[in-house]
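Here's the structure, in structure tokens; my notes come after.
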Amino acid sequence: MGIPVINQDNYYSNEIDKVYMSNSQYKSFLECEAATIAKINGEWQPPSSEALLFGQYVHAWLEGEQVFDEFKMNTPALFTQKGQLYKQYQLADLMIESIQNDDLCMFVLQGDKEVIITGKLFGVPWKGKLDVYNPAGGRFADLKTTRSLREKVWDQELGYCSFVEAYGYIGQMAIYAELERQMSKRNEWLEPLIVAISKEDPPDKAVINIDNSRMEVELEDIEKHMERIIQVKHGGEPPNRCGKCKYCRSTNQLNRIIHFSELIS
Ligand SMILES: [Zn+2]
């Protein structure tokens, strides 16, 4: 059986997810193996969230006027009965305006949009999508929207850290840099940049880079986790339930009584 070819239409399909790892699938496995396997097998569909639609809105803008217009036309959930944009998407417009008015942001966002990359990492095929691909400029960029750029976020392993670390964006950039390097047969990684914009009024913004040594550490960390993930995904190892997520709560069958102290252990 050959590996299915990825295109823009099947990129997010289960057929592709069964074969390819991705940054989001990796993060999903770390959160809950059972939910991820159920998702890949098409047995469970995570409920679509408003935050997801928010991100899609801003990314549709990034792809250009035509895509943005089509996205708005095909997404009635954005509008009130009177045909006005809901408040949160008015905020998205404000964020977009803030990016548009900044020369450095607009410079970094120049390049091909939504470019699919694939490669092999830790013995399995991976896929990724570059928001902005500019190999001639020596870089690729990812557009991130987040609550606040500068607030400290709590992470179980790292303690208080930046949103970039807390949400696994260093790992994502490292994976993308490596996949792109493999595809282009270059020796060096392109410079990965994050164009970040906050959901505040007025929005905060920054263009962020990451040092290579930190990305290498992140890849080693991913490699450590991949052994278990591959066993679960391809080796028939039964997936662990996290016991807390939406999937686990919706499929939970009690088989014992717990002591109250276990609730927060
Ligand atoms: Zn779970």
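Each chain of the structure tokens is named A, B, ... in the order shown, its residues numbered from 1; ligands are numbered from 1 in display order.
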Ala60 of chain A: which residues within 12 Å, counting only C-alpha atoms, same-chain residues fewer than 4 positions away excluded, as a ChimeraX atom specification?
/A:53-56,64-75,92-93,96,113-114,131,143
Please identify the residues whose atoms come within 6 Å of ligand 1, using only C-alpha atoms and all ligand atoms, and report them as a ChimeraX atom specification.
/A:32,35,241-245,247-248
Take the residues just selected and output them with C-alpha atoms as a short mmCIF file (atom, residue, chain, number, x, y, z; two decimals), in the first residue's frame.
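As written to disk, out-v3.cif reads:
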```
data_model
loop_
_atom_site.label_atom_id
_atom_site.label_comp_id
_atom_site.auth_asym_id
_atom_site.auth_seq_id
_atom_site.Cartn_x
_atom_site.Cartn_y
_atom_site.Cartn_z
CA CYS A 32 -5.31 12.20 25.34
CA ALA A 35 -9.50 10.79 22.09
CA ARG A 241 -7.66 7.61 28.52
CA CYS A 242 -6.82 10.96 30.13
CA GLY A 243 -10.13 10.78 32.00
CA LYS A 244 -10.70 14.54 31.77
CA CYS A 245 -11.24 15.60 28.16
CA TYR A 247 -14.08 12.45 24.69
CA CYS A 248 -13.31 10.73 28.00
#
```
From A:Lys127, A:Arg214, A:Val207, A:Tyr133, residue lying nearest Asn10 of chain A [only C-alpha atoms]:
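Ranking A:Lys127, A:Arg214, A:Val207, A:Tyr133 by distance to Asn10 of chain A, first place goes to A:Lys127.
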Determine which residues of segment 13-172 of chain A DSSP labels as strand (DSSP E) from the backbone of this structure, then write them out as a PyMOL selection string.
chain A and resi 112-121+124-134+139-146+153-155+159-161
Compare A:Phe140, A:Phe79, A:Trp44, A:Tyr160 by their minimum atom-to-atom distance to Gly111 of chain A, counting only C-alpha atoms, and give me the closest one.
A:Phe140
Nearest-residue call for Tyr167 of chain A, choices A:Thr36, A:Gln231, A:Asn23, A:Thr118, using only C-alpha atoms:
A:Asn23
Near Asn240 of chain A, within 10 Å and counting only C-alpha atoms, which residues show up once chain neighbours fewer than 4 positions away are dropped, as a PyMOL selection string?
chain A and resi 29+32-35+37+232
To test your reading of the structure, identify every residue in segment 51-221 of chain A that backbone DSSP assigns to helix (DSSP H, G or I), and report it as a PyMOL selection string.
chain A and resi 51-62+65-73+76-78+87-100+103-108+135-137+163-166+169-184+212-221
As a list in words, please: the residues near Asn134 of chain A (cut-off 10 Å, only C-alpha atoms, same-chain neighbours under 6 positions excluded).
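Near Asn134 of chain A, the qualifying residues are Val108, Leu109, Gln110, Gly111, Asp112, Lys113, Phe140, Ala141, Leu190 and Glu191 of chain A.
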So, counting only C-alpha atoms, which residue among A:Ser24, A:Gln84, A:Gln8, A:Asn255 is closest to Ile116 of chain A?
A:Gln8
Pairwise distance, atom CA of Met106 of chain A with atom CA of Lys27 of chain A, equals 29.3 Å
Provide the atom CA of Ala51 of chain A to atom CA of Lys18 of chain A distance in Å, to one decimal place.
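Separation of atom CA of Ala51 of chain A and atom CA of Lys18 of chain A: 25.1 Å.
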All residues 10 Å or closer to Lys152 of chain A, only C-alpha atoms, same chain fewer than 3 positions away omitted, as a ChimeraX atom specification
/A:148-149,155,159-163,166
Could you tell me how far atom CA of Val5 of chain A sits from atom CA of Glu223 of chain A, in Å to one decimal place?
24.6 Å
Please provide as a list of chain:residue names all residues within 7 Å of Gly128 of chain A, with the sequence filter that same-chain residues fewer than 2 positions apart are discarded (counting only C-alpha atoms).
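These residues fall inside the cut-off: A:Ser22, A:Ile116, A:Ile117, A:Thr118, A:Trp126, A:Leu130, A:Tyr176.
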Can I get the selected residues back with C-alpha atoms, as a compact mmCIF listing (two decimals), in the first residue's frame?
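Output contents, as saved in result03.txt:
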```txt
# COMPACT_ATOMS: atom_id res chain seq x y z
CA SER A 22 1.23 16.39 12.31
CA ILE A 116 1.86 21.88 2.38
CA ILE A 117 5.13 20.24 3.38
CA THR A 118 5.84 16.57 4.10
CA TRP A 126 4.75 13.91 8.85
CA LEU A 130 3.27 26.77 6.25
CA TYR A 176 8.18 22.66 10.08
```
